[in-house]
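So this block is work_20.txt, compact mmCIF, C-alpha atoms:
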# COMPACT_ATOMS: atom_id res chain seq x y z
CA MET A 12 -166.49 103.26 36.45
CA TYR A 13 -163.32 105.34 36.70
CA GLY A 14 -165.07 108.52 35.70
CA ASN A 15 -162.29 110.95 34.99
CA ASP A 16 -164.81 112.99 33.08
CA VAL A 17 -166.67 114.04 36.21
CA ILE A 18 -163.62 115.80 37.66
CA ASP A 19 -163.20 118.93 35.59
CA PRO A 20 -159.53 119.00 34.53
CA ASN A 21 -159.66 122.78 34.15
CA GLU A 22 -160.88 123.39 37.68
CA PRO A 23 -157.89 124.06 39.97
CA LEU A 24 -157.73 121.46 42.74
CA ASN A 25 -154.55 122.60 44.48
CA ALA A 26 -152.26 125.60 44.81
CA ALA A 27 -149.97 124.43 41.99
CA GLU A 28 -152.91 124.82 39.61
CA THR A 29 -153.74 128.38 40.61
CA ALA A 30 -152.45 131.80 39.58
CA ASP A 31 -150.26 131.74 42.71
CA TYR A 32 -148.00 129.15 41.08
CA ASP A 33 -147.83 131.03 37.78
CA ALA A 34 -146.98 134.21 39.71
CA ALA A 35 -144.20 132.40 41.61
CA LEU A 36 -142.79 131.10 38.32
CA ALA A 37 -142.88 134.54 36.73
CA ASP A 38 -141.24 136.02 39.82
CA GLY A 39 -138.26 133.71 39.47
CA GLN A 40 -137.86 134.64 35.83
CA GLU A 41 -138.13 138.36 36.59
CA ALA A 42 -135.74 138.26 39.54
CA GLU A 43 -132.66 138.42 37.34
CA HIS A 44 -133.88 141.61 35.68
CA ARG A 45 -134.43 143.48 38.93
CA PRO A 46 -131.76 146.09 39.65
CA GLY A 47 -129.41 145.59 42.58
CA ASP A 48 -127.07 142.84 41.45
CA GLY A 49 -124.05 144.92 42.38
CA GLY A 50 -124.17 144.64 46.17
CA GLY A 51 -123.56 141.90 48.68
CA PHE A 52 -126.00 139.59 50.46
CA GLU A 53 -128.15 142.26 52.15
CA ALA A 54 -128.42 144.29 48.95
CA LEU A 55 -129.44 141.21 46.96
CA ILE A 56 -132.10 140.28 49.53
CA ALA A 57 -133.39 143.87 49.62
CA ALA A 58 -133.66 143.87 45.82
CA ASP A 59 -135.54 140.53 45.93
CA GLN A 60 -132.77 138.89 43.90
CA ARG A 61 -131.78 135.25 44.22
CA ILE A 62 -128.79 134.14 46.29
CA GLU A 63 -126.71 131.56 44.43
CA PRO A 64 -124.50 128.80 45.91
CA ARG A 65 -121.09 130.41 45.98
CA ASP A 66 -122.27 133.89 46.99
CA ASP A 67 -121.29 135.23 50.39
CA MET A 68 -124.09 134.60 52.88
CA PRO A 69 -124.47 134.86 56.66
CA GLU A 70 -123.70 131.58 58.40
CA LYS A 71 -127.15 131.60 60.03
CA TYR A 72 -128.82 131.92 56.61
CA ARG A 73 -126.81 128.91 55.39
CA GLN A 74 -127.63 126.86 58.49
CA THR A 75 -131.32 127.77 58.41
CA LEU A 76 -131.52 126.66 54.79
CA ILE A 77 -129.60 123.43 55.40
CA ARG A 78 -131.96 122.60 58.26
CA GLN A 79 -135.10 123.44 56.29
CA ILE A 80 -134.11 121.83 52.98
CA ALA A 81 -132.82 118.70 54.74
CA GLN A 82 -136.03 118.38 56.76
CA HIS A 83 -137.95 118.79 53.54
CA ALA A 84 -135.85 116.14 51.76
CA HIS A 85 -136.21 113.74 54.69
CA SER A 86 -140.00 114.25 54.60
CA GLU A 87 -140.06 113.26 50.94
CA ILE A 88 -138.22 109.99 51.43
CA ILE A 89 -139.93 109.05 54.71
CA GLY A 90 -143.17 109.99 52.96
CA MET A 91 -142.62 107.08 50.57
CA GLN A 92 -143.46 104.63 53.36
CA PRO A 93 -147.12 105.25 54.28
CA GLU A 94 -148.24 104.87 50.65
CA GLY A 95 -145.55 102.35 49.69
CA ASN A 96 -147.36 100.21 52.25
CA TRP A 97 -150.26 99.86 49.79
CA ILE A 98 -148.42 99.13 46.53
CA THR A 99 -148.85 95.35 46.83
CA ARG A 100 -152.52 95.77 47.75
CA ALA A 101 -153.67 98.49 45.37
CA PRO A 102 -157.18 97.58 44.18
CA SER A 103 -156.39 97.52 40.45
CA LEU A 104 -153.44 97.45 38.07
CA ARG A 105 -154.21 101.07 37.16
CA ARG A 106 -154.09 102.17 40.79
CA LYS A 107 -150.92 100.17 41.36
CA ALA A 108 -149.11 101.78 38.41
CA ILE A 109 -150.17 105.24 39.60
CA LEU A 110 -149.07 104.53 43.17
CA ILE A 111 -145.67 103.27 42.07
CA ALA A 112 -145.18 106.41 39.95
CA LYS A 113 -146.18 108.59 42.88
CA VAL A 114 -143.85 106.89 45.36
CA GLN A 115 -141.05 107.10 42.77
CA ASP A 116 -141.76 110.83 42.48
CA GLU A 117 -141.34 111.22 46.25
CA ALA A 118 -137.90 109.61 45.97
CA GLY A 119 -137.11 111.99 43.10
CA HIS A 120 -138.26 115.00 45.13
CA GLY A 121 -136.01 113.89 47.97
CA LEU A 122 -133.09 113.76 45.53
CA TYR A 123 -133.80 117.24 44.06
CA LEU A 124 -133.81 118.59 47.60
CA TYR A 125 -130.67 116.79 48.81
CA SER A 126 -129.01 118.11 45.66
CA ALA A 127 -130.10 121.67 46.59
CA ALA A 128 -128.87 121.18 50.19
CA GLU A 129 -125.48 120.00 48.95
CA THR A 130 -124.91 123.30 47.14
CA LEU A 131 -124.67 124.80 50.67
CA GLY A 132 -121.60 122.73 51.38
CA ILE A 133 -123.01 119.72 53.19
CA ASP A 134 -122.71 116.09 52.16
CA ARG A 135 -125.85 114.04 51.51
CA GLN A 136 -124.43 111.14 53.51
CA GLU A 137 -124.08 113.42 56.51
CA LEU A 138 -127.73 114.49 56.18
CA LEU A 139 -128.91 110.89 56.01
CA GLU A 140 -126.94 110.10 59.16
CA ARG A 141 -128.59 113.03 60.93
CA LEU A 142 -131.99 111.64 59.90
CA HIS A 143 -131.14 108.12 60.97
CA ASP A 144 -129.93 109.10 64.43
CA GLY A 145 -132.79 111.54 65.02
CA ARG A 146 -130.78 114.78 64.96
CA GLN A 147 -132.90 116.04 62.06
CA LYS A 148 -136.66 115.74 61.74
CA TYR A 149 -139.17 115.08 58.98
CA SER A 150 -142.78 116.19 58.74
CA SER A 151 -144.66 114.57 61.62
CA ILE A 152 -147.62 113.78 59.34
CA PHE A 153 -145.78 110.64 58.18
CA ASN A 154 -145.89 109.20 61.67
CA TYR A 155 -149.56 108.33 61.19
CA PRO A 156 -150.47 104.89 59.81
CA THR A 157 -152.24 104.09 56.52
CA LEU A 158 -154.94 101.71 57.76
CA THR A 159 -157.10 101.36 54.64
CA TRP A 160 -156.90 101.97 50.89
CA ALA A 161 -158.86 105.19 51.39
CA ASP A 162 -155.86 106.57 53.30
CA CYS A 163 -153.98 106.71 49.98
CA GLY A 164 -156.80 108.94 48.73
CA ALA A 165 -156.80 111.12 51.84
CA ILE A 166 -153.02 111.51 51.78
CA GLY A 167 -153.05 112.63 48.14
CA TRP A 168 -155.98 114.97 48.61
CA LEU A 169 -155.15 116.48 52.02
CA VAL A 170 -151.47 115.87 52.76
CA ASP A 171 -150.22 116.61 49.25
CA GLY A 172 -152.73 119.45 48.99
CA ALA A 173 -151.31 121.01 52.18
CA ALA A 174 -147.74 120.35 51.04
CA ILE A 175 -148.36 122.16 47.73
CA MET A 176 -149.92 125.11 49.58
CA ASN A 177 -146.70 125.33 51.60
CA GLN A 178 -144.43 124.79 48.61
CA VAL A 179 -145.83 127.19 46.03
CA PRO A 180 -144.47 130.25 47.93
CA LEU A 181 -141.12 128.43 48.23
CA CYS A 182 -140.82 128.62 44.43
CA ARG A 183 -139.95 132.28 45.18
CA CYS A 184 -137.50 131.48 47.97
CA SER A 185 -134.43 133.75 47.99
CA TYR A 186 -132.08 130.77 47.67
CA GLY A 187 -131.92 129.90 43.96
CA PRO A 188 -131.35 126.12 44.02
CA TYR A 189 -134.15 125.60 46.57
CA ALA A 190 -136.58 127.76 44.57
CA ARG A 191 -135.77 125.86 41.35
CA ALA A 192 -136.21 122.49 43.05
CA MET A 193 -139.60 123.59 44.39
CA ILE A 194 -140.81 124.58 40.92
CA ARG A 195 -140.25 121.02 39.73
CA VAL A 196 -141.73 119.52 42.89
CA CYS A 197 -144.93 121.59 42.77
CA LYS A 198 -145.54 120.72 39.16
CA GLU A 199 -145.28 117.01 39.91
CA GLU A 200 -147.19 117.13 43.22
CA SER A 201 -150.20 118.41 41.37
CA PHE A 202 -150.77 114.93 39.93
CA HIS A 203 -150.40 113.45 43.42
CA GLN A 204 -153.16 115.60 44.81
CA ARG A 205 -155.47 114.95 41.86
CA GLN A 206 -155.07 111.17 42.03
CA GLY A 207 -155.90 111.31 45.76
CA PHE A 208 -159.03 113.30 45.07
CA GLU A 209 -160.00 110.79 42.39
CA ILE A 210 -159.56 107.82 44.75
CA LEU A 211 -161.93 109.45 47.25
CA TRP A 212 -164.31 110.54 44.49
CA ASN A 213 -164.68 106.96 43.33
CA LEU A 214 -165.05 105.57 46.85
CA MET A 215 -167.73 108.14 47.68
CA ARG A 216 -169.67 106.95 44.63
CA GLY A 217 -169.28 103.30 45.59
CA THR A 218 -170.90 101.06 48.18
CA GLU A 219 -171.85 102.22 51.66
CA GLY A 220 -168.79 100.45 52.97
CA GLN A 221 -166.54 102.31 50.55
CA GLN A 222 -168.12 105.63 51.46
CA ALA A 223 -167.59 104.94 55.15
CA MET A 224 -163.98 104.05 54.44
CA ALA A 225 -163.39 107.35 52.62
CA GLN A 226 -165.09 109.33 55.38
CA ASP A 227 -163.05 107.55 58.06
CA ALA A 228 -159.79 108.33 56.25
CA ALA A 229 -160.72 112.01 55.92
CA ASN A 230 -161.62 112.08 59.65
CA ARG A 231 -158.19 110.80 60.58
CA TRP A 232 -156.10 112.95 58.15
CA TRP A 233 -157.88 116.32 58.33
CA TRP A 234 -156.43 117.57 61.62
CA PRO A 235 -152.86 116.30 61.08
CA ALA A 236 -152.99 117.96 57.61
CA LEU A 237 -153.89 121.32 59.21
CA ALA A 238 -151.05 120.87 61.71
CA MET A 239 -148.60 120.42 58.78
CA PHE A 240 -148.46 124.20 58.37
CA GLY A 241 -146.73 124.42 61.74
CA PRO A 242 -147.65 126.11 65.01
CA PRO A 243 -149.42 129.49 65.05
CA ASP A 244 -147.03 132.29 64.12
CA THR A 245 -149.13 135.43 63.88
CA GLY A 246 -150.17 137.93 66.55
CA GLU A 247 -148.76 137.04 69.97
CA ALA A 248 -147.34 133.78 68.63
CA ALA A 249 -145.09 135.64 66.16
CA LYS A 250 -142.51 136.20 68.89
CA GLY A 251 -139.78 133.64 69.29
CA GLY A 252 -140.37 131.41 66.27
CA HIS A 253 -138.37 131.20 63.04
CA THR A 254 -141.00 132.96 60.94
CA GLU A 255 -139.85 136.55 61.36
CA GLN A 256 -136.20 135.93 60.44
CA SER A 257 -137.10 133.57 57.60
CA MET A 258 -139.44 136.19 56.17
CA ALA A 259 -136.77 138.89 56.40
CA TRP A 260 -134.44 136.62 54.44
CA GLY A 261 -137.03 135.81 51.81
CA ILE A 262 -136.98 132.11 52.68
CA LYS A 263 -140.56 132.19 53.89
CA ARG A 264 -143.16 134.34 52.15
CA PHE A 265 -146.36 133.76 54.16
CA SER A 266 -147.05 132.91 57.80
CA ASN A 267 -148.12 129.39 58.81
CA ASP A 268 -151.52 130.77 59.80
CA ASP A 269 -152.13 132.49 56.45
CA LEU A 270 -151.27 129.35 54.48
CA ARG A 271 -153.43 127.20 56.76
CA GLN A 272 -156.38 129.54 56.20
CA LYS A 273 -155.89 129.45 52.42
CA PHE A 274 -155.81 125.66 52.58
CA VAL A 275 -159.04 125.43 54.60
CA ASP A 276 -160.75 127.83 52.20
CA MET A 277 -159.69 125.69 49.25
CA MET A 278 -160.57 122.31 50.78
CA VAL A 279 -164.06 122.98 52.18
CA PRO A 280 -165.76 123.29 48.76
CA GLN A 281 -163.81 120.23 47.54
CA ALA A 282 -165.04 118.20 50.53
CA GLU A 283 -168.59 119.26 49.70
CA LYS A 284 -168.11 118.15 46.12
CA LEU A 285 -166.80 114.80 47.31
CA GLY A 286 -169.65 114.42 49.79
CA ILE A 287 -167.22 114.12 52.68
CA VAL A 288 -168.01 115.81 56.00
CA LEU A 289 -164.91 117.42 57.47
CA PRO A 290 -164.56 116.45 61.17
CA ASP A 291 -164.88 119.95 62.62
CA PRO A 292 -168.21 121.12 64.10
CA GLU A 293 -166.90 124.69 64.25
CA LEU A 294 -166.18 124.85 60.53
CA ARG A 295 -168.35 127.56 58.97
CA TRP A 296 -168.17 130.42 56.51
CA ASN A 297 -167.45 133.79 58.09
CA GLU A 298 -169.01 136.43 55.90
CA GLU A 299 -167.19 139.25 57.64
CA ARG A 300 -163.70 137.79 57.28
CA GLY A 301 -164.40 136.27 53.88
CA HIS A 302 -162.86 133.01 55.16
CA TYR A 303 -163.93 129.79 56.81
CA ASP A 304 -163.65 129.71 60.61
CA PHE A 305 -162.34 126.45 61.97
CA GLY A 306 -161.80 124.79 65.35
CA GLU A 307 -158.75 124.62 67.58
CA ILE A 308 -155.92 122.30 66.49
CA ASP A 309 -154.65 119.89 69.15
CA TRP A 310 -151.10 121.26 69.46
CA ASP A 311 -150.30 118.93 72.36
CA GLU A 312 -150.71 116.02 69.96
CA PHE A 313 -148.56 117.81 67.36
CA TRP A 314 -145.66 118.33 69.78
CA GLN A 315 -146.03 114.81 71.13
CA VAL A 316 -145.74 113.28 67.64
CA LEU A 317 -142.88 115.61 66.74
CA ARG A 318 -141.02 114.57 69.90
CA GLY A 319 -141.23 110.95 68.80
CA ASP A 320 -144.37 109.62 70.45
CA GLY A 321 -146.56 109.27 67.37
CA PRO A 322 -148.05 105.97 66.24
CA CYS A 323 -145.29 105.16 63.70
CA ASN A 324 -142.16 107.20 64.57
CA ALA A 325 -140.00 104.22 65.54
CA GLU A 326 -141.26 102.12 62.63
CA ARG A 327 -140.50 104.81 60.02
CA ILE A 328 -136.88 105.33 61.10
CA GLU A 329 -136.31 101.62 61.62
CA HIS A 330 -137.58 100.94 58.08
CA ARG A 331 -135.43 103.74 56.62
CA ARG A 332 -132.29 102.44 58.33
CA ARG A 333 -133.00 98.90 57.20
CA ALA A 334 -133.59 99.97 53.60
CA HIS A 335 -130.29 101.87 53.69
CA ASP A 336 -128.35 98.95 55.20
CA ASP A 337 -129.99 96.38 52.93
CA GLY A 338 -128.93 98.46 49.93
CA ALA A 339 -125.28 98.56 51.01
CA TRP A 340 -124.29 95.62 48.80
CA VAL A 341 -125.71 97.38 45.72
CA ARG A 342 -123.62 100.48 46.43
CA GLU A 343 -120.53 98.33 47.07
CA ALA A 344 -121.06 96.36 43.86
CA ALA A 345 -121.43 99.57 41.86
CA ASN A 346 -118.21 100.89 43.41
CA ALA A 347 -116.35 97.66 42.60
CA TYR A 348 -117.61 97.74 39.01
CA ALA A 349 -116.64 101.39 38.59
CA ALA A 350 -113.16 100.68 39.97
CA LYS A 351 -112.71 97.69 37.66
CA GLN A 352 -113.82 99.65 34.60
CA ALA A 353 -111.48 102.51 35.51
CA THR A 354 -108.54 100.10 35.80
CA ARG A 355 -109.35 98.50 32.43
CA THR A 356 -109.57 101.89 30.75
CA LYS A 357 -106.18 102.81 32.22
CA GLU A 358 -104.65 99.49 31.10
CA SER A 359 -105.94 99.75 27.56
CA ALA A 360 -104.60 103.30 27.36
CA ALA A 361 -101.16 102.21 28.55
CA MET B 15 -110.76 131.73 39.75
CA SER B 16 -111.32 128.51 41.57
CA GLY B 17 -112.37 125.00 40.58
CA GLY B 18 -115.70 123.34 41.20
CA SER B 19 -119.18 124.13 40.00
CA ASP B 20 -122.21 125.35 41.94
CA ALA B 21 -122.14 122.37 44.21
CA VAL B 22 -119.40 122.27 46.78
CA ALA B 23 -117.46 119.02 46.62
CA PRO B 24 -118.44 116.48 49.29
CA SER B 25 -116.56 116.96 52.53
CA SER B 26 -115.95 113.26 53.03
CA GLU B 27 -114.94 110.42 50.80
CA ARG B 28 -117.82 108.21 51.87
CA SER B 29 -120.02 109.46 49.05
CA TRP B 30 -119.95 108.71 45.39
CA PRO B 31 -118.67 111.61 43.32
CA LEU B 32 -121.07 114.39 42.45
CA TRP B 33 -122.22 114.82 38.84
CA GLU B 34 -123.91 117.88 37.38
CA VAL B 35 -126.81 117.09 35.05
CA PHE B 36 -127.73 118.98 31.85
CA VAL B 37 -130.88 118.30 29.83
CA ARG B 38 -131.78 119.24 26.27
CA GLY B 39 -135.53 119.78 26.49
CA LYS B 40 -136.15 119.31 22.80
CA ARG B 41 -134.39 119.47 19.48
CA GLY B 42 -133.33 123.04 18.77
CA LEU B 43 -132.68 123.99 22.41
CA SER B 44 -129.39 124.03 24.33
CA HIS B 45 -128.63 121.71 27.20
CA VAL B 46 -129.61 123.39 30.48
CA HIS B 47 -128.33 122.64 33.98
CA VAL B 48 -131.07 120.99 36.05
CA GLY B 49 -129.32 119.75 39.20
CA SER B 50 -126.88 117.18 40.42
CA LEU B 51 -126.66 113.62 41.68
CA HIS B 52 -124.21 111.09 43.07
CA ALA B 53 -123.06 108.04 41.09
CA PRO B 54 -120.00 105.79 41.09
CA ASP B 55 -119.33 106.19 37.35
CA ALA B 56 -120.49 108.03 34.25
CA GLU B 57 -122.69 105.22 33.00
CA LEU B 58 -124.71 105.02 36.23
CA ALA B 59 -124.75 108.81 36.50
CA LEU B 60 -126.49 108.91 33.12
CA ARG B 61 -129.03 106.25 34.09
CA ASN B 62 -129.75 107.91 37.43
CA ALA B 63 -130.09 111.28 35.71
CA ARG B 64 -132.71 109.79 33.40
CA ASP B 65 -134.69 108.48 36.38
CA VAL B 66 -134.35 111.59 38.53
CA TYR B 67 -134.65 114.41 35.98
CA THR B 68 -136.63 113.09 32.99
CA ARG B 69 -139.54 111.06 34.39
CA ARG B 70 -141.99 113.11 32.34
CA GLN B 71 -140.23 113.32 28.99
CA GLU B 72 -138.45 116.53 29.96
CA GLY B 73 -135.54 115.76 27.69
CA VAL B 74 -134.25 114.24 24.45
CA SER B 75 -130.57 114.36 25.43
CA LEU B 76 -128.62 114.27 28.71
CA TRP B 77 -125.12 115.30 29.73
CA VAL B 78 -123.50 114.38 33.03
CA VAL B 79 -120.27 116.06 34.07
CA ARG B 80 -118.16 115.38 37.15
CA ALA B 81 -118.65 118.44 39.39
CA ASP B 82 -114.90 118.37 40.14
CA ASP B 83 -114.14 118.78 36.45
CA ILE B 84 -115.97 122.08 36.13
CA THR B 85 -113.92 125.25 36.47
CA ALA B 86 -116.13 128.15 37.47
CA SER B 87 -115.62 131.88 37.74
CA SER B 88 -115.78 133.18 41.29
CA PRO B 89 -118.74 135.31 42.43
CA ASP B 90 -116.30 137.48 44.44
CA GLU B 91 -114.47 138.48 41.30
CA LYS B 92 -117.62 138.90 39.26
CA ASP B 93 -117.27 142.67 38.91
CA SER B 94 -113.64 142.82 37.85
CA PHE B 95 -113.95 139.68 35.74
CA PHE B 96 -116.86 140.88 33.63
CA ASP B 97 -115.95 144.56 33.82
CA PRO B 98 -114.08 144.79 30.48
CA ALA B 99 -117.41 144.36 28.67
CA ALA B 100 -119.15 147.15 30.57
CA ASP B 101 -117.59 150.18 28.86
CA LYS B 102 -117.88 148.98 25.27
CA ILE B 103 -121.35 150.16 24.52
CA TYR B 104 -120.38 150.53 20.84
CA ARG B 105 -120.80 146.73 20.65
CA HIS B 106 -124.56 147.25 20.78
CA PRO B 107 -126.53 148.38 17.73
CA THR B 108 -128.40 150.98 19.79
CA PHE B 109 -125.12 152.93 20.19
CA TYR B 110 -125.33 154.28 16.64
CA ASP B 111 -127.19 157.39 15.56
CA VAL B 112 -128.76 156.90 12.18
CA PRO B 113 -131.35 158.89 10.25
CA GLU B 114 -134.88 157.72 11.06
CA ASP B 115 -135.96 157.31 7.46
CA VAL B 116 -133.44 154.62 6.49
CA GLU B 117 -135.14 151.29 5.86
CA TYR B 118 -133.98 147.90 7.17
CA LEU B 119 -131.64 149.28 9.81
Write out the structure in this file as structure tokens.
Amino acid sequence: MYGNDVIDPNEPLNAAETADYDAALADGQEAEHRPGDGGGFEALIAADQRIEPRDDMPEKYRQTLIRQIAQHAHSEIIGMQPEGNWITRAPSLRRKAILIAKVQDEAGHGLYLYSAAETLGIDRQELLERLHDGRQKYSSIFNYPTLTWADCGAIGWLVDGAAIMNQVPLCRCSYGPYARAMIRVCKEESFHQRQGFEILWNLMRGTEGQQAMAQDAANRWWWPALAMFGPPDTGEAAKGGHTEQSMAWGIKRFSNDDLRQKFVDMMVPQAEKLGIVLPDPELRWNEERGHYDFGEIDWDEFWQVLRGDGPCNAERIEHRRRAHDDGAWVREAANAYAAKQATRTKESAA
Amino acid sequence: MSGGSDAVAPSSERSWPLWEVFVRGKRGLSHVHVGSLHAPDAELALRNARDVYTRRQEGVSLWVVRADDITASSPDEKDSFFDPAADKIYRHPTFYDVPEDVEYL
């Protein structure tokens, strides 16, 4: 029934399983051997060396990284909610165990990233407050609801697939702690994407109802997944956005549009294998470009959801705040215990 | 020289102290720095480190160290601090000219 054997484990399903990831890993290991360690920030960037926490760096570089890493961390912990929603209703014990492990991973990824952000001189508590009062954002994909079990499949396959495509180049980010956190994240995300693919694979080989459920989930998640790469930033659109500066600083390595194209090219054959029809009538292979052409993304919807008018924006933040407040007594108890133990240690030493 | 490790100490006192985490991947390897976390005491720091950094059997041994307790060299003084080693090339075996036909050298 759960035919793992029909999904070839050696066939790469996401960017963390391709040569791109291996190249990013090797790049990090080679960086220290590249000449140019003698100079300051600009010289290090020019030599494609890593910047480390206590190095001198321009204030804008620091602020850009804090904003980006914090937004990334927030996305990980808000991203626990859509799937966490299905833990009590997972269709089998196996699925439930996998889902719990995945949601726990998202929490872990949030913590790696907050840890990286803190090396830039900001307190985690401050970042959480900025999330809670809306001063900092998270990926708008998590403002869509998970209506059926198939959504857990579609999120793993498409949302995690898109996230990995974005994150593999970040393993070569110029800021050392961020790059190292991304290496861990990508490695673990790979399982997330595979389990999503497997959920859909099984549904597509089930009853007509199950197939329809899988197709419906893919219909709803495809376009928001493409929007995850961010607004167009090549050609005319390159002016004014963050892309140019972030590329000059080695924070960003590819444009949003390039990564989106790579993602589409990777997903179309996987959809065919699944038997899912992607909801884009304009999707077709372009022999000349050597890429798939695809239709126009609804950027009005993207901006609307980002501004706060998505289906679940209020619910996500409300839930996050409540979880934080409800956990206050645990933090207080741990503090009280630590204080008591410290006093006892002091007394016994006296 | 200045105190503190990679991570800058929290700006406020609202947070639990910061701990740096080191993992020994397997027997025969050194402990390697993997990141940091917040915890009220050493015991919880160790438990949290297990959950955050070794969910996939990445380690057989863990160290947690209060970030405040680490004294680190300063990147600004890197050149002058490590300079004394730069001009002592005779500390490397390649410095020495020896006949090519001597075995085991």
Self-check item: Pick from A:Trp234, A:Phe153, A:Trp296, A:Phe202 nearest to chain B, counting only C-alpha atoms
Solution: A:Phe202
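Straight-line separation from atom CA of Leu58 of chain B to atom CA of Arg41 of chain B: 24.1 Å.
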Quiz item: From the set B:Arg61, B:Phe36, B:Pro54, B:Val66, which residue has the shortest atom-to-atom contact distance to Gly119 of chain A, counting all atoms listed in the file?
Solution: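 Checking each of B:Arg61, B:Phe36, B:Pro54, B:Val66 against Gly119 of chain A, counting all atoms listed in the file, the winner is B:Val66.
Proximity to chain B at a cut-off of 8 Å picks out Gly49, Pro64, Arg65, Asp66, Gly119, Leu122, Tyr123, Ser126, Ala127, Glu129, Thr130, Leu131, Gly132, Ile133, Asp134, Arg135, Gln136, Ala345, Asn346 and Ala349 of chain A on chain A, counting only C-alpha atoms.
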Quiz item: Of the candidates B:Ala100, B:Leu119, B:Leu60, B:Val112, which one gets nearest to Ser75 of chain B if we count all atoms listed in the file?
Solution: B:Leu60
Practice problem: Identify which of the residues A:Tyr149, A:Ala112, A:Asp67, A:Ile62 lies closest to Ile328 of chain A, counting only C-alpha atoms when measuring atom-to-atom distances. | Solution: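 The answer is A:Tyr149, which sits nearest to Ile328 of chain A.
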Practice problem: For atom CA of Ile84 of chain B and atom CA of Glu358 of chain A, determine how far apart the two atoms are, in Å to one decimal place. | Solution: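 One can read the atom CA of Ile84 of chain B to atom CA of Glu358 of chain A distance as 25.8 Å.
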Self-check item: Coordinates-based distance that separates atom CA of Leu317 of chain A from atom CA of Met193 of chain A (Å, one decimal)
Solution: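 Between atom CA of Met193 of chain A and atom CA of Leu317 of chain A the gap is 24.0 Å.
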Practice problem: Please identify all polymer residues within 12 Å of His45 of chain B, counting only C-alpha atoms, omitting same-chain residues fewer than 4 positions from it, and present them as a list in words. | Solution: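 Listed by chain and then number, they are Glu34, Val35, Phe36, Val37, Arg38, Gly39, Lys40, Arg41, Glu72, Gly73, Val74, Ser75, Leu76, Trp77 and Val78 of chain B.
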